[in-house]
Every structure is written in C-alpha cells, then in structure tokens.
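Student: Below is the structure I would like to discuss, written out as structure tokens.
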Amino acid sequence: AHIGREMEGGHIVFLGDGAHGHCHTGTRVASEELVVDQFLQVAEILAQTVLELYSIIPNIEVHCTYGNHLRVMPNKTDNIHRDNWERVIPSWLEQRIAAECWKRNEDLNISIAPDTGTEFCFIRACGHDIVAVHGDLDSPRSATQLLPSLLRTKFHLNVEYILLGDKHHRESFEGLNATARICGSLCGTDEYANTKRLYSQPSQLLLIVNEVEGIDAEYALKCE
C-alpha cells in the first residue's frame with residue numbers, strides 16, 4: 001500500500017498482488033496456504049491497516065487496483081485481464097468499514113474510491129493528478145511517455161506522477177511528461193524472483209504532497 005498525506009487527510013493505494021494466487025506454482029506451494037485463504041487473510045489485513053492509520057490520519061481515501069497473481073485462470077493467455085479476485089477487495093473494505101462504524105456508533109471519514117472500469121487508480125492530491133496501476137502491462141521507462149498521453153486523451157487528466165508495482169523493487173524514471181515510480185513490495189522478493197536473481201528489501205512508499213511542488217518528499221519505509 002502507498003500512502004500520500006495531505007493537510008486534510010491522505011490516500012492509501014493498494015497496487016495489487018496481495019497474495020501469490022495460482023500464478024507461480026512454486027511460490028504457491030512455498031506459502032503453504034490455500035489461495036482462497038490467502039485472499040481472505042490479505043483483505044482482512046488491509047482493512048485492519050486502514051483502520052489503524054485512521055487513528056492518526058483524519059480523512060482517508062482508499063484506492064485499489066489488481067495485480068496478475070490473483071487472476072482467476074493461472075495461464076494469463078486464458079484469462080481476461082479484469083477477471084481477478086482482487087477486484088472483490090474494495091467491496092470487502094466497504095462492508096468491513098461499515099461494520100466498524102456500527103460497532104463504534106459513529107461515521108468514519110474513510111472512503112473507498114469507485115471502480116474506474118480499468119486497472120487504473122486516479123488520485124487527486126493537493127491539485128496534482130497521480131495515476132496508480134499494478135504495472136504488469138507497462139514498461140516503467142515508456143510509461144512516462146505513453147500513460148500521460150493515453151490518460152489525457154481518454155480521461156482528460158494531466159498526469160504528473162505514475163505509481164507502479166509488480167517489479168518487487170524500488171526505482172524511479174523521469175520523463176518530459178511525468179515521473180514514474182516503481183514502489184517496493186511488502187514481501188521483498190519471492191522464490192520466483194530469486195530464480196531470476198531479482199532482490200529487494202521489503203518496503204512501502206510514503207509520499208508527501210503539497211500544492212506548490214507536488215511530491216516534495218518520499219520515504220522508503222523498510223519492513224522487517
């Protein structure tokens with residue numbers, strides 16, 4: 001999840017791949033957990049995380065996209081891209097937060113961003129347009145050119161920043177139109193990544209946004 005904090009609140013962005021799913025058999029076996037159990041546990045952990053952050057951030061908007069690991073069909077050539085278990089998570093979060101409101105007998109200023117009909121999450125932070133996407137369909141380098149043009153044409157957005165996951169490591173690319181950031185993963189690397197000699201320390205990304213500079217600070221939050 002990625003958190004951008006504003007004066008009046010903040011945004012939490014879930015970039016997908018919350019569990020191994022059926023994507024790679026080796027990592028699924030290594031996790032020693034049924035895929036459905038993985039999914040249910042991740043959804044509940046996300047809900048608990050949002051509620052915990054709400055204790056220090058007065059206003060929260062949650063944005064969710066989906067990765068490639070929890071696609072319904074293991075073989076990506078057999079699967080429609082949006083046919084993905086992670087698309088259920090926003091509904092789970094809405095119900096979980098509604099239950100928490102009832103339990104506390106108060107309204108919580110937590111909102112779940114509506115489904116955009118695509119894999120993109122659109123975030124408006126302090127007047128700046130940010131788009132987040134899992135990244136399995138995107139090249140981080142070309143994304144700084146391609147995505148701003150695509151989103152300007154289709155959604156009339158002036159995208160300045162692009163947040164990507166998928167690659168399990170931190171990296172940043174600056175282009176004439178936008179800056180793309182590959183965000184860290186909570187698990188760091190897995191068995192599949194290790195076979196390709198891809199290593200990264202588990203981390204999350206905290207972005208501080210203001211009206212003048214846009215993103216003026218970022219922190220890699222190392223996870224033990």
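Residues in the structure tokens are numbered from 1 in each chain, the chains being A, B, ... in the order shown, and ligands are numbered from 1 in the order shown.
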Output as CSV one row per residue of region 134-175 of chain A within 12 Å of region 107-122 of chain A: the closest atom pair and its distance in Å to one decimal place, counting only C-alpha atoms, sorted by chain and residue number ascending.
Tutor:
residue,atom,partner,partner_atom,distance
A:His134,CA,A:Glu119,CA,7.6
A:Gly135,CA,A:Glu119,CA,9.5
A:Asp136,CA,A:Glu119,CA,10.5
A:Leu137,CA,A:Glu119,CA,10.0
A:Asp138,CA,A:Glu119,CA,11.5
A:Leu147,CA,A:Phe120,CA,10.3
A:Leu150,CA,A:Phe120,CA,11.5
A:Leu151,CA,A:Phe120,CA,9.6
A:Lys154,CA,A:Thr118,CA,11.5
A:Phe155,CA,A:Phe122,CA,9.8
A:His156,CA,A:Phe122,CA,11.5
A:Leu157,CA,A:Phe122,CA,9.0
A:Asn158,CA,A:Phe122,CA,10.9
A:Val159,CA,A:Phe122,CA,9.1
A:Glu160,CA,A:Phe122,CA,11.4
A:Tyr161,CA,A:Phe122,CA,10.5
A:Ile162,CA,A:Phe122,CA,9.8
A:Leu163,CA,A:Cys121,CA,9.4
A:Leu164,CA,A:Phe120,CA,10.3
Student: Just the strand (DSSP E or B) stuff from region 60-198 of chain A, please, per backbone DSSP, written as a PyMOL selection string.
Tutor: chain A and resi 60-64+71+84+110-112+121-125+128-133+159-164+171-174+179-182
Student: Go ahead and save the residues from that selection, with N, CA and C atoms, as an mmCIF file, in the first residue's frame.
Tutor:
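Output below, filename result.cif:
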data_model
loop_
_atom_site.group_PDB
_atom_site.id
_atom_site.type_symbol
_atom_site.label_atom_id
_atom_site.label_comp_id
_atom_site.auth_asym_id
_atom_site.auth_seq_id
_atom_site.Cartn_x
_atom_site.Cartn_y
_atom_site.Cartn_z
ATOM 1 N N ILE A 60 -9.350 9.642 5.074
ATOM 2 C CA ILE A 60 -8.632 8.663 4.252
ATOM 3 C C ILE A 60 -9.483 8.287 3.043
ATOM 4 N N GLU A 61 -8.833 8.246 1.886
ATOM 5 C CA GLU A 61 -9.452 7.679 0.688
ATOM 6 C C GLU A 61 -8.594 6.499 0.241
ATOM 7 N N VAL A 62 -9.226 5.364 0.030
ATOM 8 C CA VAL A 62 -8.525 4.131 -0.322
ATOM 9 C C VAL A 62 -8.735 3.839 -1.805
ATOM 10 N N HIS A 63 -7.639 3.552 -2.498
ATOM 11 C CA HIS A 63 -7.679 3.230 -3.927
ATOM 12 C C HIS A 63 -7.111 1.820 -4.110
ATOM 13 N N CYS A 64 -7.795 1.007 -4.891
ATOM 14 C CA CYS A 64 -7.360 -0.385 -5.096
ATOM 15 C C CYS A 64 -7.306 -0.719 -6.581
ATOM 16 N N ARG A 71 -5.180 -13.508 -10.618
ATOM 17 C CA ARG A 71 -6.093 -13.699 -11.737
ATOM 18 C C ARG A 71 -6.801 -15.038 -11.571
ATOM 19 N N ASN A 84 -10.326 -11.070 -11.995
ATOM 20 C CA ASN A 84 -9.295 -11.092 -10.979
ATOM 21 C C ASN A 84 -9.923 -11.017 -9.586
ATOM 22 N N ILE A 110 -13.666 7.540 6.091
ATOM 23 C CA ILE A 110 -12.895 6.647 5.230
ATOM 24 C C ILE A 110 -13.751 6.347 4.010
ATOM 25 N N SER A 111 -13.241 6.628 2.834
ATOM 26 C CA SER A 111 -13.993 6.355 1.610
ATOM 27 C C SER A 111 -13.194 5.424 0.709
ATOM 28 N N ILE A 112 -13.905 4.610 -0.039
ATOM 29 C CA ILE A 112 -13.292 3.697 -0.998
ATOM 30 C C ILE A 112 -13.545 4.262 -2.392
ATOM 31 N N CYS A 121 -5.948 3.527 -11.077
ATOM 32 C CA CYS A 121 -6.471 4.299 -9.952
ATOM 33 C C CYS A 121 -6.114 5.765 -10.193
ATOM 34 N N PHE A 122 -7.099 6.648 -10.082
ATOM 35 C CA PHE A 122 -6.872 8.069 -10.297
ATOM 36 C C PHE A 122 -6.929 8.801 -8.962
ATOM 37 N N ILE A 123 -5.866 9.516 -8.633
ATOM 38 C CA ILE A 123 -5.747 10.183 -7.341
ATOM 39 C C ILE A 123 -5.512 11.663 -7.579
ATOM 40 N N ARG A 124 -6.312 12.481 -6.913
ATOM 41 C CA ARG A 124 -6.133 13.927 -6.963
ATOM 42 C C ARG A 124 -5.638 14.374 -5.595
ATOM 43 N N ALA A 125 -4.364 14.739 -5.499
ATOM 44 C CA ALA A 125 -3.756 15.095 -4.217
ATOM 45 C C ALA A 125 -3.221 16.515 -4.291
ATOM 46 N N HIS A 128 -2.847 17.901 -7.714
ATOM 47 C CA HIS A 128 -1.961 17.196 -8.637
ATOM 48 C C HIS A 128 -2.561 15.833 -8.994
ATOM 49 N N ASP A 129 -2.493 15.480 -10.281
ATOM 50 C CA ASP A 129 -3.032 14.204 -10.755
ATOM 51 C C ASP A 129 -1.968 13.110 -10.680
ATOM 52 N N ILE A 130 -2.326 12.028 -9.994
ATOM 53 C CA ILE A 130 -1.456 10.857 -9.854
ATOM 54 C C ILE A 130 -2.243 9.658 -10.345
ATOM 55 N N VAL A 131 -1.607 8.803 -11.126
ATOM 56 C CA VAL A 131 -2.245 7.562 -11.536
ATOM 57 C C VAL A 131 -1.443 6.391 -10.971
ATOM 58 N N ALA A 132 -2.148 5.381 -10.510
ATOM 59 C CA ALA A 132 -1.507 4.178 -9.983
ATOM 60 C C ALA A 132 -2.032 2.974 -10.752
ATOM 61 N N VAL A 133 -1.145 2.041 -11.032
ATOM 62 C CA VAL A 133 -1.505 0.834 -11.768
ATOM 63 C C VAL A 133 -0.538 -0.266 -11.347
ATOM 64 N N VAL A 159 -1.622 14.000 -15.961
ATOM 65 C CA VAL A 159 -0.922 13.148 -15.010
ATOM 66 C C VAL A 159 0.534 13.581 -14.857
ATOM 67 N N GLU A 160 0.938 13.811 -13.602
ATOM 68 C CA GLU A 160 2.314 14.200 -13.312
ATOM 69 C C GLU A 160 3.132 13.046 -12.738
ATOM 70 N N TYR A 161 2.452 12.137 -12.033
ATOM 71 C CA TYR A 161 3.157 11.048 -11.348
ATOM 72 C C TYR A 161 2.451 9.724 -11.623
ATOM 73 N N ILE A 162 3.264 8.686 -11.803
ATOM 74 C CA ILE A 162 2.745 7.341 -12.048
ATOM 75 C C ILE A 162 3.345 6.406 -11.002
ATOM 76 N N LEU A 163 2.499 5.666 -10.304
ATOM 77 C CA LEU A 163 2.947 4.690 -9.316
ATOM 78 C C LEU A 163 2.737 3.290 -9.872
ATOM 79 N N LEU A 164 3.790 2.487 -9.827
ATOM 80 C CA LEU A 164 3.764 1.130 -10.371
ATOM 81 C C LEU A 164 4.231 0.131 -9.322
ATOM 82 N N GLU A 171 12.460 1.911 -7.879
ATOM 83 C CA GLU A 171 13.175 2.570 -8.959
ATOM 84 C C GLU A 171 12.344 3.751 -9.433
ATOM 85 N N SER A 172 12.990 4.749 -10.026
ATOM 86 C CA SER A 172 12.284 5.933 -10.488
ATOM 87 C C SER A 172 12.773 6.326 -11.868
ATOM 88 N N PHE A 173 11.830 6.752 -12.709
ATOM 89 C CA PHE A 173 12.152 7.198 -14.059
ATOM 90 C C PHE A 173 11.498 8.552 -14.300
ATOM 91 N N GLU A 174 12.285 9.505 -14.761
ATOM 92 C CA GLU A 174 11.757 10.838 -15.050
ATOM 93 C C GLU A 174 11.675 11.055 -16.559
ATOM 94 N N THR A 179 6.743 11.593 -13.994
ATOM 95 C CA THR A 179 7.718 10.778 -13.277
ATOM 96 C C THR A 179 7.058 9.463 -12.882
ATOM 97 N N ALA A 180 7.705 8.344 -13.173
ATOM 98 C CA ALA A 180 7.184 7.023 -12.818
ATOM 99 C C ALA A 180 8.013 6.452 -11.670
ATOM 100 N N ARG A 181 7.327 5.969 -10.644
ATOM 101 C CA ARG A 181 7.998 5.357 -9.508
ATOM 102 C C ARG A 181 7.562 3.901 -9.380
ATOM 103 N N ILE A 182 8.531 2.991 -9.395
ATOM 104 C CA ILE A 182 8.246 1.606 -9.057
ATOM 105 C C ILE A 182 8.342 1.501 -7.542
#
Student: For Lys167 (chain A), which residue among A:Gln41, A:Thr195, A:Ser200, A:Asn210 is the nearest when counting only C-alpha atoms?
Tutor: A:Ser200
Student: Can you tell me how far CA of Lys222 (chain A) sits from CA of Asp37 (chain A), in Å to one decimal?
Tutor: 26.2 Å
Student: Neighbouring residues of Ala19 (chain A) were defined as those with any atom within 7 Å, considering only C-alpha atoms; residues of the same chain fewer than 6 positions away were excluded. Please report them as a PyMOL selection string.
Tutor: chain A and resi 38-39+69-70
Student: If you keep all heavy atoms, can you produce a file of those selected residues as an mmCIF file, in the first residue's frame?
Tutor:
data_model
loop_
_atom_site.group_PDB
_atom_site.id
_atom_site.type_symbol
_atom_site.label_atom_id
_atom_site.label_comp_id
_atom_site.auth_asym_id
_atom_site.auth_seq_id
_atom_site.Cartn_x
_atom_site.Cartn_y
_atom_site.Cartn_z
ATOM 1 N N GLN A 38 -5.449 -17.254 1.456
ATOM 2 C CA GLN A 38 -4.538 -16.123 1.260
ATOM 3 C C GLN A 38 -5.329 -14.844 0.991
ATOM 4 O O GLN A 38 -5.078 -13.797 1.602
ATOM 5 C CB GLN A 38 -3.606 -16.374 0.076
ATOM 6 C CG GLN A 38 -2.579 -17.472 0.253
ATOM 7 C CD GLN A 38 -1.752 -17.639 -1.015
ATOM 8 O OE1 GLN A 38 -1.383 -16.669 -1.662
ATOM 9 N NE2 GLN A 38 -1.478 -18.879 -1.374
ATOM 10 N N PHE A 39 -6.284 -14.948 0.092
ATOM 11 C CA PHE A 39 -7.075 -13.789 -0.303
ATOM 12 C C PHE A 39 -7.852 -13.217 0.880
ATOM 13 O O PHE A 39 -7.845 -12.002 1.119
ATOM 14 C CB PHE A 39 -8.033 -14.184 -1.428
ATOM 15 C CG PHE A 39 -9.032 -13.125 -1.775
ATOM 16 C CD1 PHE A 39 -8.667 -12.031 -2.540
ATOM 17 C CD2 PHE A 39 -10.334 -13.220 -1.319
ATOM 18 C CE1 PHE A 39 -9.588 -11.046 -2.851
ATOM 19 C CE2 PHE A 39 -11.259 -12.240 -1.627
ATOM 20 C CZ PHE A 39 -10.895 -11.151 -2.396
ATOM 21 N N HIS A 69 -1.139 -11.835 -9.983
ATOM 22 C CA HIS A 69 -1.005 -13.102 -9.260
ATOM 23 C C HIS A 69 -2.346 -13.707 -8.862
ATOM 24 O O HIS A 69 -2.448 -14.919 -8.697
ATOM 25 C CB HIS A 69 -0.135 -12.906 -8.010
ATOM 26 C CG HIS A 69 1.332 -12.888 -8.310
ATOM 27 N ND1 HIS A 69 2.257 -13.548 -7.538
ATOM 28 C CD2 HIS A 69 2.022 -12.301 -9.296
ATOM 29 C CE1 HIS A 69 3.469 -13.361 -8.044
ATOM 30 N NE2 HIS A 69 3.345 -12.597 -9.117
ATOM 31 N N LEU A 70 -3.368 -12.887 -8.668
ATOM 32 C CA LEU A 70 -4.674 -13.403 -8.248
ATOM 33 C C LEU A 70 -5.685 -13.411 -9.397
ATOM 34 O O LEU A 70 -6.884 -13.342 -9.171
ATOM 35 C CB LEU A 70 -5.211 -12.592 -7.063
ATOM 36 C CG LEU A 70 -4.619 -13.013 -5.705
ATOM 37 C CD1 LEU A 70 -4.962 -12.004 -4.628
ATOM 38 C CD2 LEU A 70 -5.109 -14.397 -5.300
#
Student: Using only C-alpha atoms, which protein or nucleic acid residues come within 10 Å of Leu146 (chain A)? Drop anything in the same chain fewer than 6 positions from it, and give the result as a compact mmCIF listing (two decimals) with N, CA, C and O atoms, in the first residue's frame.
Tutor:
# COMPACT_ATOMS: atom_id res chain seq x y z
N ASP A 138 2.89 -2.67 -18.21
CA ASP A 138 3.59 -1.43 -18.53
C ASP A 138 5.11 -1.57 -18.39
O ASP A 138 5.60 -2.23 -17.48
N SER A 139 5.82 -0.92 -19.28
CA SER A 139 7.25 -0.73 -19.13
C SER A 139 7.47 0.57 -18.36
O SER A 139 6.98 1.63 -18.79
N PRO A 140 8.16 0.53 -17.22
CA PRO A 140 8.32 1.76 -16.42
C PRO A 140 8.93 2.91 -17.20
O PRO A 140 8.56 4.07 -17.00
N ASN A 177 7.04 14.27 -19.58
CA ASN A 177 5.62 14.42 -19.25
C ASN A 177 5.28 14.02 -17.82
O ASN A 177 4.31 14.53 -17.26
N ALA A 178 6.04 13.11 -17.23
CA ALA A 178 5.69 12.60 -15.91
C ALA A 178 6.88 11.87 -15.28
O ALA A 178 7.87 11.58 -15.96
Student: As an exercise, work out the distance from CA of His20 (chain A) to CA of Ala43 (chain A) in Å and give it to one decimal place.
Tutor: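 Interatomic distance here is 13.6 Å.
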